[in-house]
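Shown below: my_file-v7.tsv, with TSV, C-alpha atoms.
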```tsv
chain	number	residue	atom	x	y	z
J	10	MET	CA	162.69	131.88	131.60
J	11	ARG	CA	159.00	131.45	132.31
J	12	GLU	CA	155.89	130.76	130.26
J	13	ILE	CA	153.25	133.49	130.17
J	14	GLU	CA	149.77	133.61	128.59
J	15	LYS	CA	149.97	131.92	125.17
J	16	ASN	CA	148.36	134.85	123.35
J	17	SER	CA	150.69	137.44	124.94
J	18	VAL	CA	152.64	139.67	122.57
J	19	PRO	CA	155.96	141.53	122.92
J	20	GLN	CA	155.96	145.31	123.39
J	21	GLY	CA	155.15	147.24	120.25
J	22	PHE	CA	153.46	144.37	118.38
J	23	LYS	CA	149.81	144.03	117.42
J	24	PHE	CA	147.93	141.19	115.75
J	25	ALA	CA	144.65	140.75	113.88
J	26	GLY	CA	142.66	138.02	112.16
J	27	VAL	CA	139.47	138.33	110.09
J	28	HIS	CA	137.36	136.55	107.48
J	29	SER	CA	138.03	137.87	103.97
J	30	GLY	CA	136.08	135.40	101.85
J	31	ILE	CA	138.77	132.89	100.86
J	32	LYS	CA	137.09	130.37	103.17
J	33	LYS	CA	133.35	130.04	103.55
J	34	SER	CA	133.09	131.44	107.06
J	35	LYS	CA	136.24	131.01	109.16
J	36	ARG	CA	138.99	133.60	109.60
J	37	ASP	CA	141.45	133.46	106.71
J	38	LEU	CA	143.42	136.72	106.77
J	39	GLY	CA	145.93	137.66	109.45
J	40	LEU	CA	148.19	140.62	110.12
J	41	ILE	CA	151.17	141.23	112.40
J	42	TYR	CA	152.12	144.87	112.89
J	43	SER	CA	155.13	146.33	114.66
J	44	CYS	CA	154.67	149.92	115.77
J	45	PHE	CA	158.41	150.34	115.31
J	46	PRO	CA	160.80	149.10	112.58
J	47	ALA	CA	161.81	145.52	113.36
J	48	THR	CA	164.92	143.55	112.54
J	49	SER	CA	163.90	140.41	110.64
J	50	ALA	CA	165.18	136.94	109.81
J	51	GLY	CA	163.52	134.20	107.81
J	52	LEU	CA	163.85	130.62	106.58
J	53	PHE	CA	161.83	129.25	103.69
J	54	THR	CA	160.89	126.10	101.81
J	55	THR	CA	163.61	124.41	99.77
J	56	ASN	CA	161.00	123.28	97.22
J	57	ARG	CA	161.93	124.49	93.71
J	58	MET	CA	158.31	125.53	93.23
J	59	GLN	CA	157.61	128.43	95.60
J	60	SER	CA	154.52	130.52	96.17
J	61	GLY	CA	154.36	134.16	95.12
J	62	THR	CA	154.23	135.20	98.76
J	63	VAL	CA	157.44	133.30	99.55
J	64	GLN	CA	159.16	135.00	96.63
J	65	VAL	CA	158.09	138.46	97.78
J	66	CYS	CA	158.95	137.66	101.38
J	67	LYS	CA	162.47	136.57	100.41
J	68	ARG	CA	162.90	139.82	98.46
J	69	ASN	CA	161.97	142.01	101.48
J	70	ILE	CA	163.47	139.98	104.34
J	71	ASN	CA	166.70	142.02	104.48
J	72	ASN	CA	164.79	145.28	105.09
J	73	LYS	CA	163.48	146.67	108.34
J	74	VAL	CA	159.98	145.21	108.70
J	75	ARG	CA	156.75	146.69	110.03
J	76	ALA	CA	154.09	144.19	108.94
J	77	VAL	CA	153.42	140.58	107.94
J	78	LEU	CA	150.28	139.72	105.94
J	79	VAL	CA	149.14	136.09	106.02
J	80	ASN	CA	146.28	134.37	104.22
J	81	SER	CA	145.01	130.81	104.60
J	82	GLY	CA	142.87	128.70	102.29
J	83	ASN	CA	144.88	129.58	99.18
J	84	ALA	CA	148.61	128.91	98.63
J	85	ASN	CA	149.00	131.64	95.99
J	86	CYS	CA	151.23	129.21	94.11
J	87	ALA	CA	151.51	127.83	90.57
J	88	THR	CA	149.22	130.48	89.08
J	89	ARG	CA	150.12	133.03	86.41
J	90	ASP	CA	149.81	136.06	88.70
J	91	ALA	CA	151.00	134.62	92.04
J	92	PHE	CA	153.94	137.01	92.44
J	93	LYS	CA	151.93	140.00	91.22
J	94	SER	CA	149.07	139.14	93.60
J	95	ALA	CA	151.42	139.12	96.58
J	96	LEU	CA	152.84	142.49	95.55
J	97	LEU	CA	149.38	144.03	95.16
J	98	LEU	CA	148.27	142.89	98.61
J	99	ASN	CA	151.48	144.08	100.23
J	100	LYS	CA	150.99	147.47	98.59
J	101	SER	CA	147.44	147.66	99.91
J	102	VAL	CA	148.58	146.83	103.46
J	103	ALA	CA	151.42	149.36	103.27
J	104	GLN	CA	149.04	152.12	102.16
J	105	GLU	CA	146.56	151.36	104.92
J	106	LEU	CA	149.27	151.34	107.59
J	107	GLY	CA	151.16	154.31	106.19
J	108	ILE	CA	154.43	152.37	105.76
J	109	LYS	CA	156.66	151.36	102.83
J	110	GLU	CA	155.87	148.34	100.65
J	111	SER	CA	159.41	147.12	101.28
J	112	GLU	CA	158.55	146.89	105.00
J	113	VAL	CA	155.83	144.28	104.43
J	114	LEU	CA	156.40	140.51	104.46
J	115	SER	CA	153.81	137.93	103.46
J	116	ALA	CA	152.88	134.26	103.75
J	117	SER	CA	150.17	132.01	102.34
J	118	THR	CA	148.89	128.51	103.02
J	119	GLY	CA	146.17	126.45	101.38
J	120	VAL	CA	145.24	124.90	98.05
J	121	ILE	CA	147.85	125.12	95.28
J	122	GLY	CA	146.96	126.20	91.73
J	123	ILE	CA	143.91	128.42	92.36
J	124	PRO	CA	144.23	132.18	91.74
J	125	LEU	CA	144.20	134.27	94.89
J	126	PRO	CA	141.02	136.43	95.08
J	127	VAL	CA	143.01	139.67	95.35
J	128	GLU	CA	140.14	142.15	95.06
J	129	LYS	CA	138.07	140.33	97.67
J	130	ILE	CA	141.01	140.38	100.09
J	131	LYS	CA	141.90	144.04	99.38
J	132	LYS	CA	138.40	145.12	100.40
J	133	LYS	CA	138.94	143.57	103.84
J	134	ILE	CA	142.35	145.10	104.56
J	135	PRO	CA	141.02	148.37	106.09
J	136	PHE	CA	138.84	146.31	108.43
J	137	LEU	CA	141.79	144.02	109.18
J	138	VAL	CA	143.94	146.97	110.22
J	139	LYS	CA	141.19	148.29	112.51
J	140	GLN	CA	141.14	144.95	114.33
J	141	LEU	CA	144.81	145.13	115.40
J	142	LYS	CA	145.24	144.49	119.12
J	143	GLU	CA	147.81	143.29	121.65
J	144	ASP	CA	146.52	139.73	121.50
J	145	SER	CA	147.50	137.02	118.98
J	146	ARG	CA	144.50	134.72	119.42
J	147	GLU	CA	142.50	135.78	116.34
J	148	PHE	CA	145.63	135.86	114.18
J	149	ALA	CA	146.42	132.29	115.26
J	150	GLU	CA	142.95	131.22	114.10
J	151	ALA	CA	143.26	133.07	110.78
J	152	ILE	CA	146.32	131.14	109.60
J	153	LEU	CA	144.88	127.62	110.06
J	154	THR	CA	143.96	125.21	107.25
J	155	THR	CA	143.30	121.57	108.21
J	156	ASP	CA	144.62	122.18	111.74
J	157	LYS	CA	142.27	121.18	114.54
J	158	GLN	CA	143.67	123.74	116.99
J	159	THR	CA	145.75	126.90	117.25
J	160	LYS	CA	149.42	126.69	118.23
J	161	GLN	CA	150.78	129.52	120.39
J	162	ILE	CA	153.32	130.05	123.15
J	163	ALA	CA	154.98	133.03	124.85
J	164	LEU	CA	157.94	133.28	127.20
J	165	GLU	CA	159.44	136.00	129.34
J	166	ILE	CA	163.21	136.17	129.86
J	167	GLU	CA	165.61	138.74	131.29
J	168	ILE	CA	168.29	140.24	129.07
J	169	LYS	CA	170.79	142.66	130.61
J	170	GLY	CA	168.36	143.60	133.36
J	171	LYS	CA	165.35	144.10	131.07
J	172	LYS	CA	162.28	141.91	130.69
J	173	VAL	CA	162.07	140.51	127.16
J	174	VAL	CA	159.11	138.67	125.66
J	175	VAL	CA	159.55	136.03	122.96
J	176	ALA	CA	156.35	134.68	121.39
J	177	GLY	CA	155.49	132.19	118.68
J	178	VAL	CA	152.43	131.36	116.59
J	179	ALA	CA	152.41	128.48	114.11
J	180	LYS	CA	150.17	126.39	111.89
J	181	GLY	CA	150.64	123.05	110.21
J	182	SER	CA	149.18	119.56	110.12
J	183	GLY	CA	149.93	118.15	106.66
J	184	MET	CA	152.66	118.26	103.97
J	185	ILE	CA	155.17	118.19	106.81
J	186	SER	CA	158.73	117.13	105.79
J	187	PRO	CA	161.55	117.70	105.24
J	188	HIS	CA	163.35	120.96	106.02
J	189	LEU	CA	160.48	122.91	107.49
J	190	ALA	CA	157.12	121.59	106.61
J	191	THR	CA	153.51	123.00	105.30
J	192	MET	CA	154.00	125.04	108.18
J	193	LEU	CA	154.08	128.68	108.92
J	194	CYS	CA	155.69	130.03	112.08
J	195	PHE	CA	155.86	133.63	113.25
J	196	LEU	CA	158.22	134.51	116.09
J	197	THR	CA	158.18	137.99	117.60
J	198	SER	CA	160.26	139.60	120.31
J	199	ASP	CA	160.98	143.02	121.74
J	200	ILE	CA	164.68	142.16	122.18
J	201	ASN	CA	167.37	144.50	120.81
J	202	ILE	CA	169.71	142.27	118.79
J	203	HIS	CA	171.93	142.46	115.71
J	204	LYS	CA	170.37	141.09	112.52
J	205	ARG	CA	173.13	138.51	111.89
J	206	LEU	CA	172.75	137.09	115.40
J	207	LEU	CA	168.96	136.97	115.02
J	208	TYR	CA	169.35	134.88	111.86
J	209	LEU	CA	171.89	132.52	113.45
J	210	CYS	CA	169.67	132.01	116.50
J	211	LEU	CA	166.65	131.34	114.28
J	212	LYS	CA	168.55	128.85	112.13
J	213	GLU	CA	169.77	126.89	115.14
J	214	ALA	CA	166.26	126.78	116.61
J	215	VAL	CA	164.71	125.62	113.32
J	216	ASP	CA	167.42	123.01	112.71
J	217	LYS	CA	166.69	121.50	116.13
J	218	SER	CA	162.91	121.50	115.75
J	219	PHE	CA	160.96	122.11	112.53
J	220	ASN	CA	163.62	120.45	110.37
J	221	LEU	CA	163.31	117.28	112.44
J	222	ILE	CA	159.59	116.58	112.09
J	223	THR	CA	157.51	114.67	109.56
J	224	ILE	CA	153.84	113.84	109.16
J	225	ASP	CA	153.52	112.58	105.59
J	226	GLY	CA	156.95	113.11	104.00
J	227	GLN	CA	155.62	115.76	101.61
J	228	MET	CA	157.50	119.02	101.02
J	229	SER	CA	155.42	122.18	100.82
J	230	THR	CA	155.74	125.12	98.43
J	231	ASN	CA	154.97	127.67	101.15
J	232	ASP	CA	157.01	126.87	104.26
J	233	THR	CA	157.96	130.04	106.09
J	234	VAL	CA	159.50	130.79	109.47
J	235	LEU	CA	159.87	134.48	110.33
J	236	CYS	CA	161.39	136.14	113.38
J	237	LEU	CA	160.90	139.86	114.09
J	238	ALA	CA	162.65	141.81	116.84
J	239	ASN	CA	161.74	145.49	117.39
J	240	ALA	CA	164.10	146.40	120.28
J	241	GLN	CA	161.32	147.81	122.49
J	242	ALA	CA	162.41	145.89	125.60
J	243	GLY	CA	165.14	148.49	125.99
J	244	ASN	CA	167.99	146.05	126.64
J	245	GLU	CA	171.53	146.99	125.65
J	246	LYS	CA	171.87	145.70	122.08
J	247	ILE	CA	173.44	142.27	121.64
J	248	VAL	CA	175.83	142.97	118.78
J	249	SER	CA	178.45	140.23	118.60
J	250	GLY	CA	177.75	137.33	120.95
J	251	VAL	CA	181.44	137.50	121.88
J	252	GLY	CA	182.65	137.92	125.44
J	253	ARG	CA	181.32	136.36	128.62
J	254	SER	CA	178.46	138.85	129.12
J	255	GLU	CA	177.17	138.82	125.54
J	256	LYS	CA	177.48	135.04	125.26
J	257	LYS	CA	175.41	134.62	128.40
J	258	GLU	CA	172.65	136.97	127.23
J	259	LEU	CA	172.62	135.50	123.72
J	260	SER	CA	172.35	131.98	125.14
J	261	LYS	CA	169.23	133.02	127.08
J	262	PHE	CA	167.57	134.20	123.88
J	263	GLN	CA	168.71	131.08	122.02
J	264	GLU	CA	167.30	128.87	124.77
J	265	ALA	CA	163.95	130.68	124.54
J	266	LEU	CA	163.79	130.31	120.75
J	267	ASN	CA	164.72	126.62	120.99
J	268	TYR	CA	162.04	126.05	123.62
J	269	ILE	CA	159.37	127.80	121.54
J	270	THR	CA	160.17	126.10	118.23
J	271	THR	CA	160.44	122.68	119.88
J	272	TYR	CA	157.06	123.18	121.57
J	273	LEU	CA	155.41	124.37	118.34
J	274	SER	CA	156.94	121.58	116.25
J	275	ARG	CA	155.60	118.96	118.66
J	276	GLU	CA	152.17	120.60	118.57
J	277	ILE	CA	152.21	120.49	114.77
J	278	VAL	CA	152.95	116.75	114.75
J	279	ARG	CA	150.46	116.12	117.54
J	280	ASP	CA	147.85	117.91	115.41
J	281	GLY	CA	148.90	116.07	112.23
J	282	GLU	CA	146.18	115.17	109.77
J	283	GLY	CA	144.62	111.96	111.05
J	284	ALA	CA	147.32	111.49	113.71
J	285	THR	CA	146.49	109.66	116.94
J	286	LYS	CA	150.03	109.05	118.27
J	287	LEU	CA	153.38	110.85	118.43
J	288	ILE	CA	156.21	108.63	117.17
J	289	GLU	CA	159.73	109.71	118.10
J	290	VAL	CA	162.53	107.87	116.29
J	291	VAL	CA	165.96	108.05	117.92
J	292	VAL	CA	168.94	106.58	116.07
J	293	ARG	CA	172.26	106.40	117.89
J	294	GLY	CA	175.58	104.66	117.42
J	295	ALA	CA	176.03	105.99	113.87
J	296	LYS	CA	179.34	106.98	112.26
J	297	ARG	CA	177.92	110.40	111.27
J	298	ASN	CA	174.97	112.50	112.46
J	299	GLU	CA	173.60	112.68	108.92
J	300	ASP	CA	173.60	108.86	108.69
J	301	ALA	CA	171.58	108.65	111.89
J	302	GLU	CA	169.09	111.26	110.69
J	303	ARG	CA	168.66	109.48	107.35
J	304	VAL	CA	167.80	106.20	109.08
J	305	ALA	CA	165.44	107.96	111.51
J	306	ARG	CA	163.64	109.75	108.67
J	307	GLN	CA	163.33	106.51	106.68
J	308	ILE	CA	161.54	104.92	109.63
J	309	ALA	CA	159.38	107.95	110.50
J	310	ASN	CA	158.22	108.43	106.89
J	311	SER	CA	157.30	104.79	106.27
J	312	SER	CA	153.55	104.48	105.68
J	313	LEU	CA	153.70	100.82	106.69
J	314	ILE	CA	155.32	101.63	110.03
J	315	LYS	CA	152.95	104.52	110.67
J	316	ALA	CA	149.96	102.25	109.94
J	317	MET	CA	151.46	99.55	112.16
J	318	PHE	CA	151.53	101.91	115.13
J	319	TYR	CA	148.00	103.10	114.44
J	320	GLY	CA	146.76	99.51	114.35
J	321	ARG	CA	148.86	98.55	117.40
J	322	SER	CA	150.31	95.68	115.32
J	323	PHE	CA	153.34	93.53	116.22
J	324	ASN	CA	154.63	93.65	112.61
J	325	TYR	CA	158.07	94.99	113.60
J	326	GLY	CA	159.79	93.60	110.52
J	327	ARG	CA	158.81	96.86	108.84
J	328	ILE	CA	161.22	98.76	111.08
J	329	ALA	CA	164.11	96.47	110.15
J	330	ALA	CA	163.19	96.75	106.47
J	331	ALA	CA	163.23	100.56	106.67
J	332	ILE	CA	166.68	100.52	108.27
J	333	GLY	CA	167.93	98.22	105.51
J	334	ALA	CA	166.37	100.47	102.86
J	335	SER	CA	168.48	103.35	104.19
J	336	VAL	CA	171.53	101.29	103.11
J	337	HIS	CA	172.58	100.25	106.58
J	338	SER	CA	173.62	96.77	107.65
J	339	LEU	CA	171.70	95.36	110.60
J	340	ASP	CA	174.41	92.90	111.67
J	341	THR	CA	175.18	94.82	114.87
J	342	THR	CA	171.91	96.79	115.19
J	343	GLU	CA	169.63	96.78	118.22
J	344	ILE	CA	166.00	98.02	118.13
J	345	TYR	CA	163.91	99.01	121.14
J	346	LEU	CA	160.37	100.28	121.67
J	347	SER	CA	159.66	102.58	124.60
J	348	ASP	CA	156.98	104.72	126.18
J	349	LYS	CA	159.65	106.78	128.05
J	350	ARG	CA	158.91	104.72	131.18
J	351	LYS	CA	159.75	101.22	129.95
J	352	LYS	CA	162.14	100.20	127.15
J	353	ILE	CA	161.90	96.76	125.51
J	354	ARG	CA	164.51	95.34	123.12
J	355	ILE	CA	162.98	93.51	120.15
J	356	PHE	CA	165.92	93.12	117.73
J	357	LYS	CA	169.63	92.33	118.11
J	358	ASP	CA	172.52	91.40	115.78
J	359	GLY	CA	170.50	90.83	112.61
J	360	HIS	CA	167.39	89.12	113.93
J	361	PHE	CA	164.29	89.67	116.08
J	362	LEU	CA	164.33	88.20	119.55
J	363	GLU	CA	162.10	85.19	120.12
J	364	ARG	CA	161.47	85.94	123.78
J	365	VAL	CA	160.12	89.43	124.35
J	366	ASP	CA	157.68	90.97	126.82
J	367	ARG	CA	154.64	91.01	124.51
J	368	GLU	CA	152.36	92.25	127.29
J	369	GLY	CA	154.72	95.17	127.89
J	370	LEU	CA	154.90	95.87	124.15
J	371	ALA	CA	151.09	95.88	123.94
J	372	LYS	CA	150.97	98.56	126.65
J	373	ILE	CA	153.54	100.66	124.79
J	374	LEU	CA	151.52	100.42	121.56
J	375	GLU	CA	148.39	101.55	123.41
J	376	GLY	CA	150.06	104.80	124.45
J	377	LYS	CA	149.80	108.20	122.78
J	378	GLU	CA	153.57	108.69	122.60
J	379	ILE	CA	155.92	105.94	121.38
J	380	GLU	CA	159.68	106.00	121.03
J	381	VAL	CA	161.56	103.84	118.52
J	382	ILE	CA	165.22	103.52	119.52
J	383	VAL	CA	167.73	102.18	117.02
J	384	ASP	CA	171.34	101.58	118.07
J	385	LEU	CA	173.51	100.97	115.00
J	386	ARG	CA	176.56	100.31	117.21
J	387	GLU	CA	178.94	101.73	114.62
J	388	GLY	CA	180.01	105.05	116.17
J	389	GLY	CA	179.13	107.87	118.53
J	390	CYS	CA	176.71	110.00	116.48
J	391	MET	CA	172.92	110.24	116.70
J	392	GLY	CA	169.83	111.69	115.03
J	393	LYS	CA	166.19	112.16	115.96
J	394	ILE	CA	162.97	112.64	113.96
J	395	LEU	CA	159.50	113.30	115.37
J	396	GLY	CA	156.59	111.83	113.44
J	397	CYS	CA	153.14	110.34	113.91
J	398	ASP	CA	150.98	107.39	112.96
J	399	LEU	CA	148.69	107.12	109.93
J	400	SER	CA	144.94	106.60	110.19
J	401	GLU	CA	141.97	106.48	107.82
J	402	GLU	CA	141.27	110.08	108.80
J	403	TYR	CA	144.37	111.29	106.90
J	404	ILE	CA	142.95	109.88	103.66
J	405	ARG	CA	139.50	111.31	104.36
J	406	ILE	CA	140.90	114.81	105.00
J	407	ASN	CA	143.10	114.88	101.91
J	408	ALA	CA	140.55	113.26	99.61
J	409	ARG	CA	138.19	116.15	100.34
J	410	TYR	CA	140.71	119.02	100.55
```
Mind converting the file's structure to structure tokens?
Amino acid sequence: MREIEKNSVPQGFKFAGVHSGIKKSKRDLGLIYSCFPATSAGLFTTNRMQSGTVQVCKRNINNKVRAVLVNSGNANCATRDAFKSALLLNKSVAQELGIKESEVLSASTGVIGIPLPVEKIKKKIPFLVKQLKEDSREFAEAILTTDKQTKQIALEIEIKGKKVVVAGVAKGSGMISPHLATMLCFLTSDINIHKRLLYLCLKEAVDKSFNLITIDGQMSTNDTVLCLANAQAGNEKIVSGVGRSEKKELSKFQEALNYITTYLSREIVRDGEGATKLIEVVVRGAKRNEDAERVARQIANSSLIKAMFYGRSFNYGRIAAAIGASVHSLDTTEIYLSDKRKKIRIFKDGHFLERVDREGLAKILEGKEIEVIVDLREGGCMGKILGCDLSEEYIRINARY
């Protein structure tokens, strides 16, 4: 497995990104096109309120797919014609590409509750199609909202003697948590793989990455992760994942997906609205994995703790309070702060330690990446959540959005 140019695309895929008029001047309409029918898998927001594009996407996800239309700046959600608007735009794309409407998926991100300017977007679709190229850079720009930078990565692996490319493009910087986030992620590959295996690989990758991040604890209406595989690498099809040979090849693809989604999830948190630090919370010694994750999420989502790290404050009682709020006793708990180079224990057996290396702690708080380690000392299970701090910039961004 090796990284290649971030904007590289698998064989048979083309990307485009243009300005359609949703935003004042920046690109806001993106398109992914597969020259050949692609096997697809998807995971979506668990929010009970879902955008029209998510609803249409879920309806078409079991079909062979040729295109994905994405708009930014408008969520196409909580409006009377949200579902109809998504259908109309998919129909327009299908006509322009000469494919079936059922072969088009869609995604939206942006402000909730404002009607999507369908006619304005439709006028730009012919131009959008003409811009398709074997480069994902402009598409990556077109899907951004409050993001400060694009998020892309591409890998090359070998499957049954054939070179296979796996690429990912994502956006997200706010409304991140839990179970996905306001985040969109588009994974493409030229691997030849059975649909069921593609879904299982995608689910494992998402469970280990996007489902374990938080910026502000807010659940989006539009979260979408899609994975398309068009079989153009020419590898012998992976059909069951059973047997030594298939297991080995499937594990290579799984490793690549895990690497890509982990990278993109970290970039999303790093680019979080108003974020200045990455905060990784690791909880171990729990009786169950879900208990550990609940404690970790309680800490990572705490506004007081996030503000504490931004201000480089020694107010660590907030961490203990968050653990207690997750209905866990602290009688046997230990708490450490780390910068991955040095680990300092600050809490043990129900109380904070009086003698700690405050100079060392100050250096940890100055860093851009901080690890909070909680050992519940109750069992052998663990959980991990990746979050960030909270600055005045987060309020400024969202007050104006």
Write out as a Markdown table a residue-level contact list of stretch 208-271 of chain J versus stretch 395-401 of chain J with cut-off 12 Å: for each qualifying residue the closest pair of atoms and the distance in Å to one decimal, counting all atoms listed in the file, rows sorted by chain and residue number upward.
```
| residue | atom | partner | partner_atom | distance |
| --- | --- | --- | --- | --- |
| J:Lys217 | CA | J:Leu395 | CA | 10.9 |
| J:Ser218 | CA | J:Leu395 | CA | 8.9 |
| J:Phe219 | CA | J:Leu395 | CA | 9.4 |
| J:Asn220 | CA | J:Leu395 | CA | 9.6 |
| J:Leu221 | CA | J:Leu395 | CA | 6.2 |
| J:Ile222 | CA | J:Leu395 | CA | 4.6 |
| J:Thr223 | CA | J:Gly396 | CA | 4.9 |
| J:Ile224 | CA | J:Gly396 | CA | 5.5 |
| J:Asp225 | CA | J:Gly396 | CA | 8.5 |
| J:Gly226 | CA | J:Gly396 | CA | 9.5 |
| J:Thr271 | CA | J:Leu395 | CA | 10.5 |
```
Contacts of J:Lys171 at 12 Å (all atoms listed in the file; same-chain gap of 2+ positions) as a JSON list (two decimals) with C-alpha atoms, keeping the file's coordinate frame:
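Once everything was written out, this is selection_33.json:
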```json
[["chain", "number", "residue", "atom", "x", "y", "z"],
["J", 165, "GLU", "CA", 159.44, 136.00, 129.34],
["J", 166, "ILE", "CA", 163.21, 136.17, 129.86],
["J", 167, "GLU", "CA", 165.61, 138.74, 131.29],
["J", 168, "ILE", "CA", 168.29, 140.24, 129.07],
["J", 169, "LYS", "CA", 170.79, 142.66, 130.61],
["J", 173, "VAL", "CA", 162.07, 140.51, 127.16],
["J", 174, "VAL", "CA", 159.11, 138.67, 125.66],
["J", 199, "ASP", "CA", 160.98, 143.02, 121.74],
["J", 200, "ILE", "CA", 164.68, 142.16, 122.18],
["J", 201, "ASN", "CA", 167.37, 144.50, 120.81],
["J", 240, "ALA", "CA", 164.10, 146.40, 120.28],
["J", 241, "GLN", "CA", 161.32, 147.81, 122.49],
["J", 242, "ALA", "CA", 162.41, 145.89, 125.60],
["J", 243, "GLY", "CA", 165.14, 148.49, 125.99],
["J", 244, "ASN", "CA", 167.99, 146.05, 126.64],
["J", 245, "GLU", "CA", 171.53, 146.99, 125.65],
["J", 246, "LYS", "CA", 171.87, 145.70, 122.08],
["J", 258, "GLU", "CA", 172.65, 136.97, 127.23]]
```
Task: Nearest residue to J:Glu143 from the set J:Phe45, J:Phe195, J:Phe22, J:Tyr208 (distances using all atoms listed in the file) - done: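 The closest residue to J:Glu143 is J:Phe22.
The two atoms in question, atom CA of J:Ser81 and atom CA of J:Ile404, are spaced 21.1 Å apart.
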Task: Among listed residues J:Ile202, J:Ala284, J:Ile332, J:Ala301, nearest J:Tyr403 (using all atoms listed in the file) - done: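 Of J:Ile202, J:Ala284, J:Ile332, J:Ala301, the one nearest J:Tyr403 is J:Ala284, counting all atoms listed in the file.
Interatomic distance, atom CA of J:Gly392 against atom CA of J:Glu302: 4.4 Å.
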- [ ] Tell me which of J:Lys351, J:Arg367, J:His203, J:Lys160 sits closest to J:Val278, counting only C-alpha atoms.
- [x] J:Lys160
Residue neighbourhood J:Phe53, 9 Å, all atoms listed in the file, exclusion window fewer than 2 positions, as a PDB file with C-alpha atoms, keeping the file's coordinate frame:
```pdb
ATOM      1  CA  GLY J  51     163.520 134.200 107.810  1.00  0.00           C
ATOM      2  CA  THR J  55     163.610 124.410  99.770  1.00  0.00           C
ATOM      3  CA  ASN J  56     161.000 123.280  97.220  1.00  0.00           C
ATOM      4  CA  VAL J  63     157.440 133.300  99.550  1.00  0.00           C
ATOM      5  CA  LYS J  67     162.470 136.570 100.410  1.00  0.00           C
ATOM      6  CA  HIS J 188     163.350 120.960 106.020  1.00  0.00           C
ATOM      7  CA  LEU J 189     160.480 122.910 107.490  1.00  0.00           C
ATOM      8  CA  ASN J 231     154.970 127.670 101.150  1.00  0.00           C
ATOM      9  CA  ASP J 232     157.010 126.870 104.260  1.00  0.00           C
ATOM     10  CA  THR J 233     157.960 130.040 106.090  1.00  0.00           C
ATOM     11  CA  VAL J 234     159.500 130.790 109.470  1.00  0.00           C
ATOM     12  CA  LEU J 235     159.870 134.480 110.330  1.00  0.00           C
TER      13      LEU J 235
END
```
Open item on the list: Need to verify the contact set: J:Leu370, 9 Å, all atoms listed in the file, exclusion of same-chain residues closer than 2 positions in sequence. Can you return it as a ChimeraX atom specification?
Closed with: /J:323,346-347,352-353,365-368,372-375
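The shortest atom-to-atom distance to J:Leu273, with only C-alpha atoms taken into account, belongs to J:Ala176 out of J:Leu259, J:Ala176, J:Cys236, J:Ala316.
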TODO: For J:Ala95, please output as a list of chain:residue names all residues within 6 Å (counting only C-alpha atoms; exclusion window: fewer than 3 positions along the same chain).
DONE: J:Gly61, J:Thr62, J:Phe92, J:Leu98
Open item on the list: Please determine, counting only C-alpha atoms, which residue among J:Glu363, J:Ala330, J:Ile394, J:Arg253 has the shortest atom-to-atom distance to J:Val291.
Closed with: J:Ile394
- [ ] Name the residues in contact with J:Gly177 at a cut-off of 9 Å, using all atoms listed in the file, excluding same-chain residues fewer than 5 positions from it; report them as a list in words.
- [x] Lys15, Asn16, Val18, Lys160, Gln161, Ile162, Ala163, Leu164, Cys194, Phe195, Leu196, Thr197, Ser198, Cys236, Leu266, Ile269, Thr270 and Leu273 of chain J
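Here atom CA of J:Leu385 stands at a distance of 5.7 Å from atom CA of J:Ala295.
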Which residues, protein or nucleic acid, reach to within 12 Å of (175.0, 109.7, 107.3) in the file's coordinates when using only C-alpha atoms, and can you give that as a PDB file with C-alpha atoms, in the frame of the given file?
```pdb
ATOM      1  CA  VAL J 292     168.940 106.580 116.070  1.00  0.00           C
ATOM      2  CA  ARG J 293     172.260 106.400 117.890  1.00  0.00           C
ATOM      3  CA  GLY J 294     175.580 104.660 117.420  1.00  0.00           C
ATOM      4  CA  ALA J 295     176.030 105.990 113.870  1.00  0.00           C
ATOM      5  CA  LYS J 296     179.340 106.980 112.260  1.00  0.00           C
ATOM      6  CA  ARG J 297     177.920 110.400 111.270  1.00  0.00           C
ATOM      7  CA  ASN J 298     174.970 112.500 112.460  1.00  0.00           C
ATOM      8  CA  GLU J 299     173.600 112.680 108.920  1.00  0.00           C
ATOM      9  CA  ASP J 300     173.600 108.860 108.690  1.00  0.00           C
ATOM     10  CA  ALA J 301     171.580 108.650 111.890  1.00  0.00           C
ATOM     11  CA  GLU J 302     169.090 111.260 110.690  1.00  0.00           C
ATOM     12  CA  ARG J 303     168.660 109.480 107.350  1.00  0.00           C
ATOM     13  CA  VAL J 304     167.800 106.200 109.080  1.00  0.00           C
ATOM     14  CA  ALA J 305     165.440 107.960 111.510  1.00  0.00           C
ATOM     15  CA  ARG J 306     163.640 109.750 108.670  1.00  0.00           C
ATOM     16  CA  SER J 335     168.480 103.350 104.190  1.00  0.00           C
ATOM     17  CA  VAL J 336     171.530 101.290 103.110  1.00  0.00           C
ATOM     18  CA  HIS J 337     172.580 100.250 106.580  1.00  0.00           C
ATOM     19  CA  LEU J 385     173.510 100.970 115.000  1.00  0.00           C
ATOM     20  CA  GLU J 387     178.940 101.730 114.620  1.00  0.00           C
ATOM     21  CA  GLY J 388     180.010 105.050 116.170  1.00  0.00           C
ATOM     22  CA  CYS J 390     176.710 110.000 116.480  1.00  0.00           C
ATOM     23  CA  MET J 391     172.920 110.240 116.700  1.00  0.00           C
ATOM     24  CA  GLY J 392     169.830 111.690 115.030  1.00  0.00           C
TER      25      GLY J 392
END
```
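With only C-alpha atoms as the basis for measurement, J:Ser49 is the residue among J:Ser254, J:Ser249, J:Ser29, J:Ser49 that approaches J:Lys73 most closely.
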